[in-house]
file target04.pdb (PDB, C-alpha atoms, pLDDT in the B column)
MODEL        1
ATOM      1  CA  LEU A 171      36.049  -5.780  -3.740  1.00 46.00           C
ATOM      2  CA  VAL A 172      35.907  -9.566  -3.897  1.00 45.00           C
ATOM      3  CA  GLY A 173      34.714  -9.669  -0.287  1.00 54.00           C
ATOM      4  CA  LEU A 174      32.181  -6.933  -0.909  1.00 65.00           C
ATOM      5  CA  GLY A 175      30.888  -8.735  -3.978  1.00 66.00           C
ATOM      6  CA  GLN A 176      30.374 -11.948  -2.019  1.00 71.00           C
ATOM      7  CA  GLN A 177      28.629 -10.060   0.771  1.00 74.00           C
ATOM      8  CA  LEU A 178      26.381  -8.296  -1.731  1.00 81.00           C
ATOM      9  CA  PHE A 179      25.494 -11.512  -3.573  1.00 82.00           C
ATOM     10  CA  ASP A 180      24.740 -13.236  -0.254  1.00 81.00           C
ATOM     11  CA  ALA A 181      22.457 -10.353   0.673  1.00 83.00           C
ATOM     12  CA  LEU A 182      20.702 -10.467  -2.716  1.00 89.00           C
ATOM     13  CA  ASP A 183      20.234 -14.223  -2.516  1.00 88.00           C
ATOM     14  CA  ALA A 184      18.816 -13.850   1.009  1.00 87.00           C
ATOM     15  CA  GLY A 185      16.192 -11.389  -0.218  1.00 87.00           C
ATOM     16  CA  THR A 186      17.822  -8.000   0.357  1.00 90.00           C
ATOM     17  CA  HIS A 187      17.608  -5.731  -2.673  1.00 91.00           C
ATOM     18  CA  VAL A 188      18.129  -2.132  -1.518  1.00 95.00           C
ATOM     19  CA  PHE A 189      21.718  -0.905  -1.051  1.00 94.00           C
ATOM     20  CA  ASP A 190      22.311   2.514   0.468  1.00 95.00           C
ATOM     21  CA  SER A 191      25.453   4.528  -0.236  1.00 95.00           C
ATOM     22  CA  SER A 192      26.748   8.111  -0.362  1.00 95.00           C
ATOM     23  CA  PRO A 193      29.638  10.227  -1.660  1.00 95.00           C
ATOM     24  CA  MET A 194      30.666  10.716   1.974  1.00 92.00           C
ATOM     25  CA  TYR A 195      31.309   6.983   2.444  1.00 87.00           C
ATOM     26  CA  HIS A 196      34.903   7.061   1.136  1.00 86.00           C
ATOM     27  CA  GLY A 197      34.704   5.216  -2.170  1.00 91.00           C
ATOM     28  CA  ALA A 198      31.722   3.042  -1.261  1.00 92.00           C
ATOM     29  CA  GLU A 199      29.683   4.175  -4.262  1.00 96.00           C
ATOM     30  CA  ARG A 200      32.261   3.040  -6.797  1.00 96.00           C
ATOM     31  CA  SER A 201      32.845  -0.200  -4.893  1.00 93.00           C
ATOM     32  CA  LEU A 202      29.115  -0.909  -4.892  1.00 93.00           C
ATOM     33  CA  GLY A 203      28.958  -0.357  -8.640  1.00 95.00           C
ATOM     34  CA  VAL A 204      31.805  -2.798  -9.258  1.00 93.00           C
ATOM     35  CA  ALA A 205      30.333  -5.370  -6.868  1.00 90.00           C
ATOM     36  CA  LEU A 206      26.966  -5.191  -8.643  1.00 93.00           C
ATOM     37  CA  GLU A 207      28.451  -6.223 -11.982  1.00 91.00           C
ATOM     38  CA  GLY A 208      26.241  -8.949 -13.374  1.00 90.00           C
ATOM     39  CA  ARG A 209      23.524  -8.380 -10.775  1.00 92.00           C
ATOM     40  CA  ARG A 210      22.632  -4.710 -11.287  1.00 95.00           C
ATOM     41  CA  GLY A 211      19.108  -5.571 -12.359  1.00 95.00           C
ATOM     42  CA  ASP A 212      18.485  -7.304  -9.031  1.00 94.00           C
ATOM     43  CA  ALA A 213      19.410  -4.266  -6.920  1.00 95.00           C
ATOM     44  CA  ILE A 214      17.772  -1.001  -5.918  1.00 97.00           C
ATOM     45  CA  VAL A 215      20.455   1.630  -5.422  1.00 98.00           C
ATOM     46  CA  ALA A 216      19.726   4.368  -2.914  1.00 98.00           C
ATOM     47  CA  THR A 217      22.512   6.926  -2.923  1.00 98.00           C
ATOM     48  CA  LYS A 218      22.923  10.625  -2.247  1.00 98.00           C
ATOM     49  CA  ILE A 219      24.032  14.045  -3.351  1.00 98.00           C
ATOM     50  CA  TRP A 220      26.249  15.595  -0.682  1.00 97.00           C
ATOM     51  CA  ALA A 221      27.644  18.795  -2.149  1.00 98.00           C
ATOM     52  CA  ASP A 222      28.068  22.464  -1.263  1.00 97.00           C
ATOM     53  CA  SER A 223      27.693  23.539  -4.895  1.00 98.00           C
ATOM     54  CA  LEU A 224      25.535  22.625  -7.852  1.00 98.00           C
ATOM     55  CA  GLU A 225      28.625  21.865  -9.908  1.00 98.00           C
ATOM     56  CA  GLU A 226      29.872  19.352  -7.348  1.00 98.00           C
ATOM     57  CA  GLY A 227      26.427  17.802  -7.051  1.00 98.00           C
ATOM     58  CA  ARG A 228      26.120  17.331 -10.805  1.00 98.00           C
ATOM     59  CA  SER A 229      29.605  15.815 -10.873  1.00 98.00           C
ATOM     60  CA  GLN A 230      28.640  13.339  -8.150  1.00 98.00           C
ATOM     61  CA  PHE A 231      25.559  12.380 -10.131  1.00 98.00           C
ATOM     62  CA  ALA A 232      27.539  11.884 -13.335  1.00 98.00           C
ATOM     63  CA  ASP A 233      29.795   9.426 -11.490  1.00 98.00           C
ATOM     64  CA  GLN A 234      26.762   7.618 -10.108  1.00 98.00           C
ATOM     65  CA  LEU A 235      25.322   7.178 -13.592  1.00 98.00           C
ATOM     66  CA  ASP A 236      28.615   5.655 -14.721  1.00 97.00           C
ATOM     67  CA  TRP A 237      28.780   3.290 -11.745  1.00 97.00           C
ATOM     68  CA  TYR A 238      25.124   2.217 -11.739  1.00 98.00           C
ATOM     69  CA  GLY A 239      24.305   1.733 -15.387  1.00 97.00           C
ATOM     70  CA  GLY A 240      22.742   5.097 -16.139  1.00 98.00           C
ATOM     71  CA  ARG A 241      20.098   5.157 -13.400  1.00 98.00           C
ATOM     72  CA  VAL A 242      19.718   5.669  -9.647  1.00 98.00           C
ATOM     73  CA  GLU A 243      16.521   4.291  -8.153  1.00 98.00           C
ATOM     74  CA  ILE A 244      16.520   6.541  -5.056  1.00 98.00           C
ATOM     75  CA  GLU A 245      18.513   9.801  -5.110  1.00 98.00           C
ATOM     76  CA  GLN A 246      18.626  11.553  -1.756  1.00 98.00           C
ATOM     77  CA  VAL A 247      19.784  15.035  -0.787  1.00 98.00           C
ATOM     78  CA  HIS A 248      22.100  14.171   2.082  1.00 97.00           C
ATOM     79  CA  ASN A 249      21.792  15.976   5.411  1.00 97.00           C
ATOM     80  CA  LEU A 250      19.740  18.780   3.824  1.00 98.00           C
ATOM     81  CA  VAL A 251      22.872  20.260   2.229  1.00 98.00           C
ATOM     82  CA  LEU A 252      21.736  22.868  -0.339  1.00 98.00           C
ATOM     83  CA  TRP A 253      18.518  20.900  -0.686  1.00 98.00           C
ATOM     84  CA  ARG A 254      16.405  23.518  -2.451  1.00 98.00           C
ATOM     85  CA  GLU A 255      19.009  24.123  -5.153  1.00 98.00           C
ATOM     86  CA  HIS A 256      19.818  20.459  -5.734  1.00 98.00           C
ATOM     87  CA  LEU A 257      16.151  19.485  -5.785  1.00 98.00           C
ATOM     88  CA  GLU A 258      15.496  21.426  -8.974  1.00 97.00           C
ATOM     89  CA  TRP A 259      18.020  19.622 -11.137  1.00 98.00           C
ATOM     90  CA  ILE A 260      17.345  16.221  -9.528  1.00 98.00           C
ATOM     91  CA  GLU A 261      13.676  16.640 -10.443  1.00 98.00           C
ATOM     92  CA  ARG A 262      14.703  17.163 -14.064  1.00 98.00           C
ATOM     93  CA  GLU A 263      16.789  13.997 -13.941  1.00 98.00           C
ATOM     94  CA  ARG A 264      13.786  12.124 -12.555  1.00 98.00           C
ATOM     95  CA  ASP A 265      11.545  13.491 -15.303  1.00 98.00           C
ATOM     96  CA  GLU A 266      14.057  12.271 -17.892  1.00 98.00           C
ATOM     97  CA  GLY A 267      14.188   8.787 -16.352  1.00 98.00           C
ATOM     98  CA  ARG A 268      17.635   8.762 -14.764  1.00 98.00           C
ATOM     99  CA  VAL A 269      16.293   8.989 -11.203  1.00 98.00           C
ATOM    100  CA  GLY A 270      13.461   6.915  -9.783  1.00 98.00           C
ATOM    101  CA  LYS A 271      12.441   8.595  -6.523  1.00 98.00           C
ATOM    102  CA  ILE A 272      13.795  11.664  -4.724  1.00 98.00           C
ATOM    103  CA  GLY A 273      14.566  11.618  -1.024  1.00 98.00           C
ATOM    104  CA  VAL A 274      16.007  13.751   1.748  1.00 98.00           C
ATOM    105  CA  THR A 275      18.002  12.687   4.806  1.00 98.00           C
ATOM    106  CA  HIS A 276      19.331  13.779   8.161  1.00 97.00           C
ATOM    107  CA  TYR A 277      20.744  11.953  11.151  1.00 95.00           C
ATOM    108  CA  SER A 278      20.177  14.572  13.871  1.00 96.00           C
ATOM    109  CA  PRO A 279      16.925  15.534  15.638  1.00 97.00           C
ATOM    110  CA  SER A 280      18.189  19.125  15.640  1.00 97.00           C
ATOM    111  CA  ALA A 281      17.535  19.124  11.865  1.00 98.00           C
ATOM    112  CA  PHE A 282      14.080  17.547  11.989  1.00 98.00           C
ATOM    113  CA  ASP A 283      12.315  20.903  11.605  1.00 98.00           C
ATOM    114  CA  GLY A 284      14.242  21.350   8.373  1.00 98.00           C
ATOM    115  CA  ILE A 285      13.260  17.857   7.231  1.00 98.00           C
ATOM    116  CA  ALA A 286       9.609  18.675   7.964  1.00 98.00           C
ATOM    117  CA  GLU A 287       9.908  21.882   5.928  1.00 98.00           C
ATOM    118  CA  ALA A 288      11.350  19.933   3.003  1.00 98.00           C
ATOM    119  CA  LEU A 289       8.636  17.277   3.156  1.00 98.00           C
ATOM    120  CA  ARG A 290       5.880  19.868   3.261  1.00 98.00           C
ATOM    121  CA  THR A 291       6.926  21.038  -0.198  1.00 98.00           C
ATOM    122  CA  LYS A 292       5.462  17.696  -1.389  1.00 98.00           C
ATOM    123  CA  ARG A 293       8.415  17.324  -3.744  1.00 98.00           C
ATOM    124  CA  PHE A 294      10.092  14.443  -1.895  1.00 98.00           C
ATOM    125  CA  GLU A 295       8.967  10.832  -2.080  1.00 98.00           C
ATOM    126  CA  VAL A 296      11.392   9.297   0.441  1.00 98.00           C
ATOM    127  CA  VAL A 297      12.858  10.358   3.788  1.00 98.00           C
ATOM    128  CA  ARG A 298      15.704   8.662   5.662  1.00 98.00           C
ATOM    129  CA  LEU A 299      15.821   9.024   9.461  1.00 97.00           C
ATOM    130  CA  PRO A 300      17.354   7.360  12.523  1.00 97.00           C
ATOM    131  CA  TYR A 301      14.875   5.046  14.224  1.00 97.00           C
ATOM    132  CA  ASN A 302      15.444   2.434  16.923  1.00 96.00           C
ATOM    133  CA  PRO A 303      14.272   1.900  20.530  1.00 96.00           C
ATOM    134  CA  TRP A 304      16.780   4.501  21.763  1.00 95.00           C
ATOM    135  CA  GLU A 305      16.184   7.099  19.054  1.00 95.00           C
ATOM    136  CA  ARG A 306      12.478   7.745  18.636  1.00 96.00           C
ATOM    137  CA  GLU A 307      12.342  11.498  18.133  1.00 97.00           C
ATOM    138  CA  CYS A 308      10.963  11.072  14.615  1.00 98.00           C
ATOM    139  CA  GLU A 309       7.775   9.588  16.073  1.00 98.00           C
ATOM    140  CA  ARG A 310       6.654  13.018  17.299  1.00 97.00           C
ATOM    141  CA  THR A 311       6.345  14.846  13.976  1.00 98.00           C
ATOM    142  CA  LEU A 312       8.129  13.264  11.051  1.00 98.00           C
ATOM    143  CA  LEU A 313       6.567   9.804  10.970  1.00 98.00           C
ATOM    144  CA  PRO A 314       3.019  11.201  11.174  1.00 98.00           C
ATOM    145  CA  LEU A 315       3.888  13.792   8.535  1.00 98.00           C
ATOM    146  CA  ALA A 316       5.390  11.198   6.203  1.00 98.00           C
ATOM    147  CA  ALA A 317       2.290   9.029   6.582  1.00 98.00           C
ATOM    148  CA  GLU A 318       0.043  12.002   5.856  1.00 98.00           C
ATOM    149  CA  LEU A 319       1.978  12.921   2.713  1.00 98.00           C
ATOM    150  CA  GLY A 320       2.530   9.362   1.469  1.00 98.00           C
ATOM    151  CA  VAL A 321       6.325   9.641   1.827  1.00 98.00           C
ATOM    152  CA  ALA A 322       8.245   6.369   2.174  1.00 98.00           C
ATOM    153  CA  VAL A 323      10.459   6.121   5.275  1.00 98.00           C
ATOM    154  CA  ILE A 324      13.899   4.494   5.381  1.00 98.00           C
ATOM    155  CA  ALA A 325      15.039   3.768   8.947  1.00 98.00           C
ATOM    156  CA  MET A 326      18.770   4.275   9.365  1.00 96.00           C
ATOM    157  CA  ARG A 327      20.631   3.092  12.489  1.00 94.00           C
ATOM    158  CA  PRO A 328      17.900   0.499  13.177  1.00 95.00           C
ATOM    159  CA  VAL A 329      20.164  -1.353  15.619  1.00 93.00           C
ATOM    160  CA  GLY A 330      21.381   1.821  17.346  1.00 89.00           C
ATOM    161  CA  GLY A 331      24.240   4.224  16.867  1.00 71.00           C
ATOM    162  CA  SER A 332      27.851   3.305  17.469  1.00 58.00           C
ATOM    163  CA  GLY A 333      28.200   5.515  20.552  1.00 57.00           C
ATOM    164  CA  GLN A 334      26.168   3.158  22.725  1.00 56.00           C
ATOM    165  CA  ASP A 335      27.428  -0.219  21.518  1.00 54.00           C
ATOM    166  CA  GLY A 336      28.113  -1.532  25.009  1.00 47.00           C
ATOM    167  CA  ARG A 337      24.544  -0.914  26.136  1.00 52.00           C
ATOM    168  CA  ARG A 338      22.876  -1.907  22.904  1.00 75.00           C
ATOM    169  CA  ARG A 339      24.433  -5.297  22.289  1.00 81.00           C
ATOM    170  CA  ARG A 340      22.996  -8.319  24.044  1.00 89.00           C
ATOM    171  CA  GLU A 341      22.394 -12.038  23.713  1.00 93.00           C
ATOM    172  CA  LEU A 342      18.805 -13.188  23.816  1.00 97.00           C
ATOM    173  CA  THR A 343      17.840 -16.000  26.159  1.00 97.00           C
ATOM    174  CA  GLY A 344      16.036 -19.032  24.822  1.00 98.00           C
ATOM    175  CA  ASP A 345      12.749 -17.771  26.231  1.00 98.00           C
ATOM    176  CA  GLU A 346      13.263 -14.361  24.630  1.00 98.00           C
ATOM    177  CA  ARG A 347      14.051 -15.893  21.241  1.00 98.00           C
ATOM    178  CA  GLU A 348      10.921 -18.024  21.472  1.00 98.00           C
ATOM    179  CA  ALA A 349       8.727 -15.093  22.503  1.00 98.00           C
ATOM    180  CA  LEU A 350      10.046 -12.942  19.662  1.00 98.00           C
ATOM    181  CA  GLY A 351      10.377 -15.632  17.003  1.00 97.00           C
ATOM    182  CA  VAL A 352      13.939 -14.551  16.126  1.00 97.00           C
ATOM    183  CA  GLU A 353      17.442 -15.894  16.573  1.00 96.00           C
ATOM    184  CA  THR A 354      19.402 -12.703  17.260  1.00 95.00           C
ATOM    185  CA  TRP A 355      19.016  -9.364  19.007  1.00 96.00           C
ATOM    186  CA  THR A 356      19.734  -7.587  15.717  1.00 95.00           C
ATOM    187  CA  GLN A 357      16.821  -9.379  14.072  1.00 96.00           C
ATOM    188  CA  ALA A 358      14.622  -8.319  16.989  1.00 97.00           C
ATOM    189  CA  LEU A 359      15.606  -4.674  16.523  1.00 97.00           C
ATOM    190  CA  LEU A 360      14.971  -4.798  12.773  1.00 97.00           C
ATOM    191  CA  LYS A 361      11.565  -6.381  13.265  1.00 98.00           C
ATOM    192  CA  TRP A 362      10.774  -3.804  15.965  1.00 98.00           C
ATOM    193  CA  ALA A 363      11.270  -0.971  13.475  1.00 98.00           C
ATOM    194  CA  LEU A 364       9.458  -2.745  10.650  1.00 97.00           C
ATOM    195  CA  ALA A 365       6.455  -3.361  12.904  1.00 98.00           C
ATOM    196  CA  ASP A 366       5.706   0.353  12.701  1.00 98.00           C
ATOM    197  CA  GLU A 367       3.545   0.548   9.590  1.00 97.00           C
ATOM    198  CA  ARG A 368       5.053   3.939   8.735  1.00 98.00           C
ATOM    199  CA  ILE A 369       8.490   2.355   8.203  1.00 98.00           C
ATOM    200  CA  ASP A 370       9.054   0.991   4.706  1.00 97.00           C
ATOM    201  CA  LEU A 371      12.675  -0.110   4.902  1.00 96.00           C
ATOM    202  CA  VAL A 372      15.451  -0.662   7.430  1.00 97.00           C
ATOM    203  CA  ILE A 373      19.118  -0.381   6.450  1.00 95.00           C
ATOM    204  CA  PRO A 374      21.461  -2.056   8.959  1.00 92.00           C
ATOM    205  CA  ALA A 375      25.163  -1.702   8.229  1.00 85.00           C
ATOM    206  CA  THR A 376      27.308  -4.830   8.179  1.00 81.00           C
ATOM    207  CA  ARG A 377      30.656  -5.994   6.831  1.00 77.00           C
ATOM    208  CA  SER A 378      29.940  -9.694   7.242  1.00 79.00           C
ATOM    209  CA  PRO A 379      28.187 -11.937   4.678  1.00 80.00           C
ATOM    210  CA  GLU A 380      26.931 -14.052   7.574  1.00 84.00           C
ATOM    211  CA  HIS A 381      25.387 -11.026   9.241  1.00 85.00           C
ATOM    212  CA  ALA A 382      23.886  -9.905   5.936  1.00 85.00           C
ATOM    213  CA  ARG A 383      22.066 -13.241   5.701  1.00 88.00           C
ATOM    214  CA  GLU A 384      20.983 -13.023   9.348  1.00 90.00           C
ATOM    215  CA  ASN A 385      19.698  -9.484   8.865  1.00 91.00           C
ATOM    216  CA  ALA A 386      17.654 -10.487   5.830  1.00 91.00           C
ATOM    217  CA  ALA A 387      15.935 -13.164   7.901  1.00 92.00           C
ATOM    218  CA  ALA A 388      14.294 -10.395   9.922  1.00 93.00           C
ATOM    219  CA  GLY A 389      11.873 -10.086   7.024  1.00 91.00           C
ATOM    220  CA  ASP A 390      10.678 -13.669   7.487  1.00 91.00           C
ATOM    221  CA  GLY A 391       7.603 -14.576   9.446  1.00 93.00           C
ATOM    222  CA  PRO A 392       4.802 -12.356  10.717  1.00 95.00           C
ATOM    223  CA  PRO A 393       5.479  -8.804  11.919  1.00 96.00           C
ATOM    224  CA  PHE A 394       5.814  -8.150  15.627  1.00 98.00           C
ATOM    225  CA  ASP A 395       2.606  -7.585  17.533  1.00 98.00           C
ATOM    226  CA  ALA A 396       2.284  -4.957  20.268  1.00 98.00           C
ATOM    227  CA  ASP A 397       3.473  -7.337  22.995  1.00 98.00           C
ATOM    228  CA  GLN A 398       6.582  -8.363  21.087  1.00 98.00           C
ATOM    229  CA  ARG A 399       7.413  -4.745  20.345  1.00 98.00           C
ATOM    230  CA  ALA A 400       6.991  -3.862  24.029  1.00 98.00           C
ATOM    231  CA  LEU A 401       9.299  -6.746  24.995  1.00 98.00           C
ATOM    232  CA  VAL A 402      12.040  -5.391  22.732  1.00 98.00           C
ATOM    233  CA  GLU A 403      11.641  -1.966  24.321  1.00 97.00           C
ATOM    234  CA  ARG A 404      11.973  -3.452  27.820  1.00 96.00           C
ATOM    235  CA  LEU A 405      15.072  -5.375  26.789  1.00 96.00           C
ATOM    236  CA  ALA A 406      16.547  -2.251  25.209  1.00 94.00           C
ATOM    237  CA  ARG A 407      16.140  -0.383  28.493  1.00 90.00           C
ATOM    238  CA  GLY A 408      18.232  -3.082  30.130  1.00 85.00           C
TER     239      GLY A 408
ENDMDL
END
call {"tool": "encode", "arguments": {"input": "target04.pdb", "output": "structure tokens"}}
result
Amino acid sequence: LVGLGQQLFDALDAGTHVFDSSPMYHGAERSLGVALEGRRGDAIVATKIWADSLEEGRSQFADQLDWYGGRVEIEQVHNLVLWREHLEWIERERDEGRVGKIGVTHYSPSAFDGIAEALRTKRFEVVRLPYNPWERECERTLLPLAAELGVAVIAMRPVGGSGQDGRRRRELTGDEREALGVETWTQALLKWALADERIDLVIPATRSPEHARENAAAGDGPPFDADQRALVERLARG
């Protein structure tokens, strides 16, 4: 937890304030709560309900309130699991001030029709989807729908999924860094996603304080223009 706390403080000091977690992340929620001690007011916690029963979901939420000082800023129904049933009680928690915004998530394009159905209820304020130069399925329906409904979009896997690491990692040349105004390929990928005006937030995963600082620097400077975005797409194709 000492290492996590240092990483979190480095991220906060670099300008990162949203921290995404879930009950499925093997103790990460509790660890995040401990690491935030003394800095909870500086952080926006986005976590999830991932439960096959209402009882389990309410139990997860009770733990989250204990870990995060009685409030969760963004509570998401994870992977659409029992989303209609959980939505009702999460809405009550929002109305009573213990939840800020309500979101819904899924990682697979095969579930995007279900995500669209959930968003069309107009009861969700946030959606979390995979988005990077290799995974752009959400551009067809979900990003336009979110924009139409005023739903905030969190881009997960903004630097690509783990299954294609060999193809997706690269070192930028000096000319490429100059053209893009970044230092690293990861920063280029984050800025690529953020250049889409429908994307509100990107959440890269990292275990390194150094990488956390580097990732935060993607928010510096002007957004990518169309040419810079096209360059990233060409580089991503290899």
call {"tool": "closest_atom_pairs", "arguments": {"input": "target04.pdb", "of": "stretch 225-245 of chain A", "to": "stretch 289-307 of chain A", "cutoff": "12 Å", "atoms": "all atoms listed in the file", "output": "Markdown table"}}
result
| residue | atom | partner | partner_atom | distance |
| --- | --- | --- | --- | --- |
| A:Glu243 | CA | A:Val296 | CA | 11.2 |
| A:Ile244 | CA | A:Val296 | CA | 8.0 |
| A:Glu245 | CA | A:Val296 | CA | 9.0 |
call {"tool": "residues_around", "arguments": {"input": "target04.pdb", "residues": "A:Leu178", "least_positions_apart": "3", "cutoff": "10 Å", "atoms": "all atoms listed in the file", "output": "list in words"}}
result
Val172, Gly173, Leu174, Gly175, Ala181, Leu182, Asp183, Ala184, Thr186, His187, Phe189, Leu202, Ala205, Leu206, Arg209, Ala213, Arg377, Ser378, Pro379, Ala382 and Arg383 of chain A
call {"tool": "residues_around", "arguments": {"input": "target04.pdb", "residues": "A:Trp355", "least_positions_apart": "2", "cutoff": "7 Å", "atoms": "all atoms listed in the file", "output": "MDAnalysis selection string"}}
result
chainID A and resid 340:342 357:359
call {"tool": "resolve_selection", "arguments": {"input": "target04.pdb", "expression": "the PyMOL selection byres ((chain A and resi 372-374) around 6)", "output": "ChimeraX atom specification"}}
result
/A:324-326,371,375
call {"tool": "atom_distance", "arguments": {"input": "target04.pdb", "atom1": "atom CA of A:Glu348", "atom2": "atom CA of A:Gln177"}}
result
28.4 Å
call {"tool": "atom_distance", "arguments": {"input": "target04.pdb", "atom1": "atom CA of A:Glu318", "atom2": "atom CA of A:Glu255"}}
result
25.1 Å
call {"tool": "resolve_selection", "arguments": {"input": "target04.pdb", "expression": "the PyMOL selection byres ((chain A and resi 270-276) around 10)", "output": "number ranges by chain"}}
result
A: 214-219, 241-251, 253, 257, 260-261, 263-269, 277-282, 284-285, 288-289, 293-300, 321-324, 326
call {"tool": "decode", "arguments": {"input": "target04.pdb", "residues": "stretch 258-265 of chain A", "atoms": "all heavy atoms", "output": "CSV table (one decimal), in the first residue's frame"}}
result
chain,number,residue,atom,x,y,z
A,258,GLU,N,-32.3,0.9,-9.7
A,258,GLU,CA,-33.3,1.5,-8.9
A,258,GLU,C,-32.8,1.9,-7.5
A,258,GLU,O,-33.0,3.0,-7.1
A,258,GLU,CB,-34.5,0.5,-8.7
A,258,GLU,CG,-35.2,0.2,-10.0
A,258,GLU,CD,-36.5,-0.6,-9.8
A,258,GLU,OE1,-36.8,-0.8,-8.6
A,258,GLU,OE2,-37.1,-1.0,-10.8
A,259,TRP,N,-32.0,1.0,-6.9
A,259,TRP,CA,-31.5,1.4,-5.6
A,259,TRP,C,-30.3,2.4,-5.6
A,259,TRP,O,-30.2,3.2,-4.8
A,259,TRP,CB,-31.1,0.2,-4.7
A,259,TRP,CG,-30.0,-0.6,-5.1
A,259,TRP,CD1,-30.0,-1.8,-5.8
A,259,TRP,CD2,-28.6,-0.4,-4.8
A,259,TRP,NE1,-28.8,-2.3,-6.0
A,259,TRP,CE2,-27.9,-1.5,-5.4
A,259,TRP,CE3,-27.9,0.6,-4.2
A,259,TRP,CZ2,-26.5,-1.6,-5.3
A,259,TRP,CZ3,-26.5,0.5,-4.1
A,259,TRP,CH2,-25.8,-0.5,-4.7
A,260,ILE,N,-29.5,2.3,-6.7
A,260,ILE,CA,-28.4,3.3,-6.9
A,260,ILE,C,-29.0,4.7,-7.1
A,260,ILE,O,-28.5,5.7,-6.6
A,260,ILE,CB,-27.5,2.9,-8.0
A,260,ILE,CG1,-26.8,1.6,-7.7
A,260,ILE,CG2,-26.5,4.0,-8.3
A,260,ILE,CD1,-26.0,1.0,-8.9
A,261,GLU,N,-30.1,4.8,-7.8
A,261,GLU,CA,-30.8,6.1,-8.0
A,261,GLU,C,-31.2,6.7,-6.6
A,261,GLU,O,-31.1,7.9,-6.4
A,261,GLU,CB,-32.0,6.0,-8.9
A,261,GLU,CG,-31.6,5.8,-10.4
A,261,GLU,CD,-32.8,5.6,-11.3
A,261,GLU,OE1,-33.8,5.0,-10.9
A,261,GLU,OE2,-32.7,6.1,-12.4
A,262,ARG,N,-31.7,5.8,-5.7
A,262,ARG,CA,-32.1,6.3,-4.4
A,262,ARG,C,-30.9,6.8,-3.6
A,262,ARG,O,-30.9,7.8,-2.9
A,262,ARG,CB,-32.8,5.2,-3.6
A,262,ARG,CG,-34.2,4.9,-4.2
A,262,ARG,CD,-35.0,4.0,-3.2
A,262,ARG,NE,-34.4,2.7,-3.0
A,262,ARG,CZ,-34.7,1.6,-3.7
A,262,ARG,NH1,-35.5,1.7,-4.7
A,262,ARG,NH2,-34.2,0.5,-3.4
A,263,GLU,N,-29.8,6.1,-3.8
A,263,GLU,CA,-28.5,6.5,-3.1
A,263,GLU,C,-28.1,7.9,-3.7
A,263,GLU,O,-27.6,8.7,-2.9
A,263,GLU,CB,-27.4,5.5,-3.3
A,263,GLU,CG,-27.7,4.1,-2.6
A,263,GLU,CD,-27.8,4.2,-1.1
A,263,GLU,OE1,-27.3,5.3,-0.5
A,263,GLU,OE2,-28.3,3.3,-0.4
A,264,ARG,N,-28.2,8.0,-5.0
A,264,ARG,CA,-27.9,9.3,-5.6
A,264,ARG,C,-28.8,10.4,-5.0
A,264,ARG,O,-28.3,11.5,-4.7
A,264,ARG,CB,-28.0,9.3,-7.1
A,264,ARG,CG,-27.6,10.6,-7.8
A,264,ARG,CD,-28.0,10.5,-9.3
A,264,ARG,NE,-29.5,10.3,-9.4
A,264,ARG,CZ,-30.1,9.9,-10.5
A,264,ARG,NH1,-29.4,9.8,-11.6
A,264,ARG,NH2,-31.4,9.8,-10.6
A,265,ASP,N,-30.0,10.2,-5.0
A,265,ASP,CA,-31.0,11.2,-4.5
A,265,ASP,C,-30.7,11.6,-3.0
A,265,ASP,O,-31.0,12.7,-2.6
A,265,ASP,CB,-32.4,10.7,-4.6
A,265,ASP,CG,-32.8,10.5,-6.1
A,265,ASP,OD1,-32.2,11.0,-7.0
A,265,ASP,OD2,-33.8,9.8,-6.3
